[in-house]
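Listing of run_37.cif, mmCIF, C-alpha atoms
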data_my_file
loop_
_atom_site.label_atom_id
_atom_site.label_comp_id
_atom_site.auth_asym_id
_atom_site.auth_seq_id
_atom_site.Cartn_x
_atom_site.Cartn_y
_atom_site.Cartn_z
CA MET A 410 96.48 97.90 91.18
CA GLY A 411 94.24 95.29 89.63
CA VAL A 412 90.70 94.27 90.43
CA VAL A 413 90.06 94.12 94.20
CA VAL A 414 87.37 91.85 95.62
CA ILE A 415 86.38 91.70 99.29
CA ARG A 416 84.61 88.44 100.09
CA GLN A 417 84.02 85.80 102.71
CA GLY A 418 86.93 83.42 103.24
CA GLY A 419 86.68 79.85 102.04
CA GLU A 420 88.44 76.57 102.69
CA ALA A 421 90.64 77.03 99.61
CA ASP A 422 91.93 80.34 101.05
CA LYS A 423 93.50 78.81 104.15
CA PRO A 424 97.01 78.20 102.69
CA ALA A 425 97.14 81.81 101.46
CA LEU A 426 95.91 83.15 104.82
CA LYS A 427 98.63 81.16 106.59
CA ALA A 428 101.23 82.59 104.19
CA ILE A 429 99.98 86.13 104.94
CA LEU A 430 100.36 85.50 108.67
CA ARG A 431 103.92 84.23 108.10
CA ASP A 432 104.72 87.33 106.07
CA THR A 433 103.30 89.79 108.61
CA PHE A 434 105.04 87.93 111.44
CA ASP A 435 108.37 88.23 109.63
CA SER A 436 107.91 91.85 108.59
CA THR A 437 106.22 93.26 111.71
CA TRP A 438 106.59 91.11 114.80
CA ARG A 439 109.89 89.23 114.47
CA PRO A 440 112.02 92.42 114.59
CA ASN A 441 110.29 93.55 117.79
CA ILE A 442 110.12 90.46 119.97
CA THR A 443 112.76 88.42 121.76
CA PRO A 444 114.42 85.43 120.08
CA ALA A 445 112.71 83.21 122.65
CA ALA A 446 109.31 84.63 121.65
CA VAL A 447 110.12 84.05 117.97
CA GLU A 448 110.98 80.44 118.70
CA ARG A 449 107.82 79.91 120.78
CA TYR A 450 105.68 81.37 118.01
CA LEU A 451 107.32 79.31 115.27
CA THR A 452 107.16 76.02 117.16
CA SER A 453 103.68 76.47 118.66
CA GLY A 454 101.77 76.44 115.37
CA VAL A 455 99.45 79.12 116.76
CA ALA A 456 99.08 80.93 113.42
CA ASP A 457 98.15 77.79 111.51
CA ARG A 458 95.67 76.79 114.24
CA PHE A 459 94.11 80.27 114.12
CA ILE A 460 93.48 79.94 110.39
CA ASP A 461 92.32 76.32 110.66
CA GLU A 462 89.80 77.36 113.34
CA HIS A 463 88.79 80.82 112.08
CA GLY A 464 89.72 81.10 108.40
CA LEU A 465 86.12 80.70 107.25
CA GLU A 466 85.10 83.62 109.51
CA CYS A 467 87.46 86.05 107.78
CA LEU A 468 86.74 88.64 105.16
CA VAL A 469 89.37 88.22 102.47
CA ALA A 470 90.80 90.80 100.11
CA GLU A 471 92.08 89.58 96.80
CA ILE A 472 93.76 91.38 93.95
CA ASP A 473 93.32 89.82 90.52
CA GLY A 474 92.43 86.51 92.18
CA GLU A 475 95.37 86.49 94.61
CA VAL A 476 94.50 86.52 98.31
CA ALA A 477 96.33 89.59 99.65
CA GLY A 478 94.84 90.25 103.10
CA PHE A 479 92.17 89.39 105.62
CA ILE A 480 90.30 90.60 108.69
CA ARG A 481 88.49 88.73 111.47
CA TRP A 482 86.38 89.91 114.38
CA GLU A 483 84.30 88.48 117.17
CA GLY A 484 81.48 90.60 118.56
CA ASP A 485 82.78 94.18 118.58
CA PHE A 486 86.48 93.17 118.72
CA ILE A 487 88.68 93.00 115.62
CA ASP A 488 91.30 90.39 116.48
CA ALA A 489 93.13 90.13 113.15
CA LEU A 490 93.91 92.48 110.28
CA HIS A 491 96.74 91.37 108.03
CA VAL A 492 97.80 92.49 104.56
CA HIS A 493 100.74 90.82 102.83
CA SER A 494 103.69 93.21 102.74
CA ARG A 495 103.76 92.95 98.93
CA HIS A 496 100.32 94.58 98.91
CA ALA A 497 100.75 97.12 101.70
CA ARG A 498 99.55 100.68 101.16
CA LYS A 499 97.15 99.79 98.38
CA GLY A 500 94.00 100.50 100.40
CA LEU A 501 93.23 96.87 101.26
CA GLY A 502 93.33 97.51 105.01
CA GLN A 503 90.85 100.37 104.55
CA ARG A 504 88.47 98.20 102.55
CA LEU A 505 88.71 95.31 104.99
CA MET A 506 88.11 97.63 107.95
CA ASP A 507 85.13 99.19 106.14
CA GLY A 508 83.60 95.74 105.73
CA ALA A 509 84.19 94.64 109.32
CA GLU A 510 82.99 97.92 110.83
CA ALA A 511 79.79 97.76 108.76
CA VAL A 512 79.00 94.22 109.92
CA ILE A 513 79.80 95.07 113.54
CA ALA A 514 77.54 98.14 113.42
CA ALA A 515 74.75 96.18 111.70
CA ALA A 516 74.95 93.63 114.52
CA GLY A 517 74.00 96.43 116.92
CA PHE A 518 77.32 97.10 118.61
CA ALA A 519 77.89 100.72 119.67
CA GLN A 520 81.66 100.55 119.24
CA VAL A 521 84.50 98.67 117.58
CA ARG A 522 87.56 97.66 119.61
CA LEU A 523 90.99 96.43 118.55
CA GLU A 524 94.56 96.28 119.82
CA THR A 525 98.03 97.01 118.54
CA ASP A 526 101.40 97.39 120.21
CA THR A 527 103.29 100.58 120.94
CA PHE A 528 106.14 99.71 118.57
CA ASN A 529 103.72 99.51 115.62
CA GLN A 530 103.56 103.18 114.71
CA ALA A 531 102.13 102.46 111.25
CA SER A 532 99.10 100.63 112.63
CA GLN A 533 98.54 103.34 115.24
CA ALA A 534 98.52 106.02 112.55
CA PHE A 535 96.16 103.92 110.43
CA TYR A 536 93.69 103.44 113.28
CA HIS A 537 93.86 107.11 114.30
CA SER A 538 93.11 108.10 110.70
CA ARG A 539 89.95 105.96 110.88
CA GLY A 540 88.69 107.68 114.03
CA TYR A 541 89.93 105.22 116.65
CA ARG A 542 91.05 106.62 119.98
CA GLU A 543 93.28 105.11 122.60
CA ALA A 544 91.28 103.63 125.48
CA GLY A 545 93.99 101.86 127.48
CA ARG A 546 97.49 100.45 127.70
CA TYR A 547 98.63 97.25 129.35
CA PRO A 548 101.48 94.75 129.20
CA ASP A 549 101.40 92.47 126.16
CA GLU A 550 101.72 89.09 127.82
CA GLU A 551 101.22 87.12 124.61
CA TRP A 552 104.76 87.69 123.36
CA GLN A 553 106.54 87.87 126.74
CA SER A 554 108.85 90.47 125.18
CA GLY A 555 108.18 93.50 127.38
CA LEU A 556 105.83 95.05 124.83
CA THR A 557 102.89 97.31 125.65
CA THR A 558 99.50 96.78 124.04
CA ILE A 559 97.23 99.70 123.17
CA LEU A 560 93.47 99.27 123.14
CA PHE A 561 91.73 101.40 120.51
CA VAL A 562 87.99 102.11 120.42
CA LYS A 563 85.79 103.75 117.78
CA PRO A 564 82.13 104.60 118.31
#
Representation of the structure as structure tokens:
Amino acid sequence: MGVVVIRQGGEADKPALKAILRDTFDSTWRPNITPAAVERYLTSGVADRFIDEHGLECLVAEIDGEVAGFIRWEGDFIDALHVHSRHARKGLGQRLMDGAEAVIAAAGFAQVRLETDTFNQASQAFYHSRGYREAGRYPDEEWQSGLTTILFVKP
């Protein structure tokens, strides 16, 4: 792996962040949601709007100048962690989580919260390895695909 830099996102990063969301949608979500949910997601423009509205709030991971992943949080809640599938398992998720958790702790929060879905065994294992524990399960109404969301919390 080349030189990794973790930094604040900038306006010029937005196209790459959108591409990362498209990649993680295709590799993670699309196989697990209904065709109707896929169509709703693709036609709604929700991913592009998320980046347009929040891209500057993200920490970005780049490898040799290429944007490869990002993380975003609000308060004590991490609402986005995405690493392009081409760069998976290179430690970028760890480094992004380290950065977000440090900022959240420095802001005085006693815990960090995040969610994943039951089908996503890889993310569950990742969060468990970082000390997160399951704090609840509830229907994932965002996708309307019968999924179950897991809330994870870490002191």
Task: Non-local contacts of region 525-539 of chain A (6 Å; only C-alpha atoms; under 6 positions in same chain excluded) as JSON, numbers by chain - done: {"A": [557, 558, 559]}
Kindly save the residues from that selection, with C-alpha atoms included, as a CSV table (one decimal), keeping the file's coordinate frame.
chain,number,residue,atom,x,y,z
A,557,THR,CA,102.9,97.3,125.6
A,558,THR,CA,99.5,96.8,124.0
A,559,ILE,CA,97.2,99.7,123.2
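We find CA of Trp552 (chain A) and CA of Ile442 (chain A) to be spaced 6.9 Å apart.
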- [ ] Report the distance between CA of Val447 (chain A) and CA of Thr433 (chain A) in Å, rounded to one decimal place.
- [x]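 So the answer is 12.9 Å.
Selection result for the displayed file, with the PyMOL selection byres ((chain A and resi 514-522) around 9) as criterion, is Gly484, Asp485, Phe486, Ile487, Asp488, Ala509, Glu510, Ala511, Val512, Ile513, Leu523, Glu524, Tyr541, Leu560, Phe561, Val562, Lys563 and Pro564 of chain A.
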List every residue of region 487-547 of chain A that has an atom at most 10 Å from any atom of region 422-426 of chain A, and for each one report the closest atom pair and its distance in Å to one decimal, counting all atoms listed in the file, with rows sorted by chain and then by increasing residue number, as a Markdown table.
| residue | atom | partner | partner_atom | distance |
| --- | --- | --- | --- | --- |
| A:His491 | CA | A:Leu426 | CA | 8.9 |
| A:Val492 | CA | A:Leu426 | CA | 9.5 |
| A:His493 | CA | A:Leu426 | CA | 9.3 |
Would you mind exporting C-alpha atoms of the selected residues as an mmCIF file, in the coordinates of the input?
data_model
loop_
_atom_site.group_PDB
_atom_site.id
_atom_site.type_symbol
_atom_site.label_atom_id
_atom_site.label_comp_id
_atom_site.auth_asym_id
_atom_site.auth_seq_id
_atom_site.Cartn_x
_atom_site.Cartn_y
_atom_site.Cartn_z
ATOM 1 C CA HIS A 491 96.740 91.370 108.030
ATOM 2 C CA VAL A 492 97.800 92.490 104.560
ATOM 3 C CA HIS A 493 100.740 90.820 102.830
#
Residue rebuild result region 518-543 of chain A, N, CA and C atoms as an mmCIF file, in the coordinates of the input:
data_model
loop_
_atom_site.group_PDB
_atom_site.id
_atom_site.type_symbol
_atom_site.label_atom_id
_atom_site.label_comp_id
_atom_site.auth_asym_id
_atom_site.auth_seq_id
_atom_site.Cartn_x
_atom_site.Cartn_y
_atom_site.Cartn_z
ATOM 1 N N PHE A 518 76.294 96.659 117.673
ATOM 2 C CA PHE A 518 77.320 97.100 118.610
ATOM 3 C C PHE A 518 77.522 98.608 118.499
ATOM 4 N N ALA A 519 77.734 99.268 119.638
ATOM 5 C CA ALA A 519 77.890 100.720 119.670
ATOM 6 C C ALA A 519 79.328 101.160 119.418
ATOM 7 N N GLN A 520 80.251 100.201 119.441
ATOM 8 C CA GLN A 520 81.660 100.550 119.240
ATOM 9 C C GLN A 520 82.395 99.379 118.591
ATOM 10 N N VAL A 521 83.584 99.689 118.093
ATOM 11 C CA VAL A 521 84.500 98.670 117.580
ATOM 12 C C VAL A 521 85.779 98.808 118.408
ATOM 13 N N ARG A 522 86.319 97.673 118.835
ATOM 14 C CA ARG A 522 87.560 97.660 119.610
ATOM 15 C C ARG A 522 88.610 96.852 118.858
ATOM 16 N N LEU A 523 89.873 97.187 119.094
ATOM 17 C CA LEU A 523 90.990 96.430 118.550
ATOM 18 C C LEU A 523 92.244 96.789 119.335
ATOM 19 N N GLU A 524 93.294 96.029 119.117
ATOM 20 C CA GLU A 524 94.560 96.280 119.820
ATOM 21 C C GLU A 524 95.706 96.319 118.826
ATOM 22 N N THR A 525 96.739 97.045 119.220
ATOM 23 C CA THR A 525 98.030 97.010 118.540
ATOM 24 C C THR A 525 99.077 97.254 119.610
ATOM 25 N N ASP A 526 100.331 97.163 119.237
ATOM 26 C CA ASP A 526 101.400 97.390 120.210
ATOM 27 C C ASP A 526 102.075 98.727 119.964
ATOM 28 N N THR A 527 102.702 99.243 121.018
ATOM 29 C CA THR A 527 103.290 100.580 120.940
ATOM 30 C C THR A 527 104.367 100.695 119.875
ATOM 31 N N PHE A 528 105.094 99.628 119.589
ATOM 32 C CA PHE A 528 106.140 99.710 118.570
ATOM 33 C C PHE A 528 105.563 99.894 117.172
ATOM 34 N N ASN A 529 104.306 99.517 116.963
ATOM 35 C CA ASN A 529 103.720 99.510 115.620
ATOM 36 C C ASN A 529 103.113 100.880 115.303
ATOM 37 N N GLN A 530 103.983 101.812 114.994
ATOM 38 C CA GLN A 530 103.560 103.180 114.710
ATOM 39 C C GLN A 530 102.668 103.263 113.464
ATOM 40 N N ALA A 531 102.940 102.425 112.475
ATOM 41 C CA ALA A 531 102.130 102.460 111.250
ATOM 42 C C ALA A 531 100.682 102.076 111.541
ATOM 43 N N SER A 532 100.476 101.028 112.339
ATOM 44 C CA SER A 532 99.100 100.630 112.630
ATOM 45 C C SER A 532 98.410 101.683 113.497
ATOM 46 N N GLN A 533 99.143 102.286 114.417
ATOM 47 C CA GLN A 533 98.540 103.340 115.240
ATOM 48 C C GLN A 533 98.069 104.496 114.371
ATOM 49 N N ALA A 534 98.893 104.918 113.441
ATOM 50 C CA ALA A 534 98.520 106.020 112.550
ATOM 51 C C ALA A 534 97.297 105.632 111.701
ATOM 52 N N PHE A 535 97.280 104.412 111.217
ATOM 53 C CA PHE A 535 96.160 103.920 110.430
ATOM 54 C C PHE A 535 94.870 103.970 111.244
ATOM 55 N N TYR A 536 94.900 103.447 112.462
ATOM 56 C CA TYR A 536 93.690 103.440 113.280
ATOM 57 C C TYR A 536 93.257 104.851 113.667
ATOM 58 N N HIS A 537 94.201 105.713 114.005
ATOM 59 C CA HIS A 537 93.860 107.110 114.300
ATOM 60 C C HIS A 537 93.170 107.755 113.098
ATOM 61 N N SER A 538 93.680 107.483 111.901
ATOM 62 C CA SER A 538 93.110 108.100 110.700
ATOM 63 C C SER A 538 91.673 107.631 110.457
ATOM 64 N N ARG A 539 91.308 106.500 111.033
ATOM 65 C CA ARG A 539 89.950 105.960 110.880
ATOM 66 C C ARG A 539 89.042 106.346 112.031
ATOM 67 N N GLY A 540 89.527 107.192 112.940
ATOM 68 C CA GLY A 540 88.690 107.680 114.030
ATOM 69 C C GLY A 540 88.790 106.892 115.323
ATOM 70 N N TYR A 541 89.727 105.966 115.401
ATOM 71 C CA TYR A 541 89.930 105.220 116.650
ATOM 72 C C TYR A 541 90.691 106.075 117.633
ATOM 73 N N ARG A 542 90.372 105.894 118.902
ATOM 74 C CA ARG A 542 91.050 106.620 119.980
ATOM 75 C C ARG A 542 91.556 105.632 121.005
ATOM 76 N N GLU A 543 92.693 105.966 121.584
ATOM 77 C CA GLU A 543 93.280 105.110 122.600
ATOM 78 C C GLU A 543 92.384 105.049 123.822
#
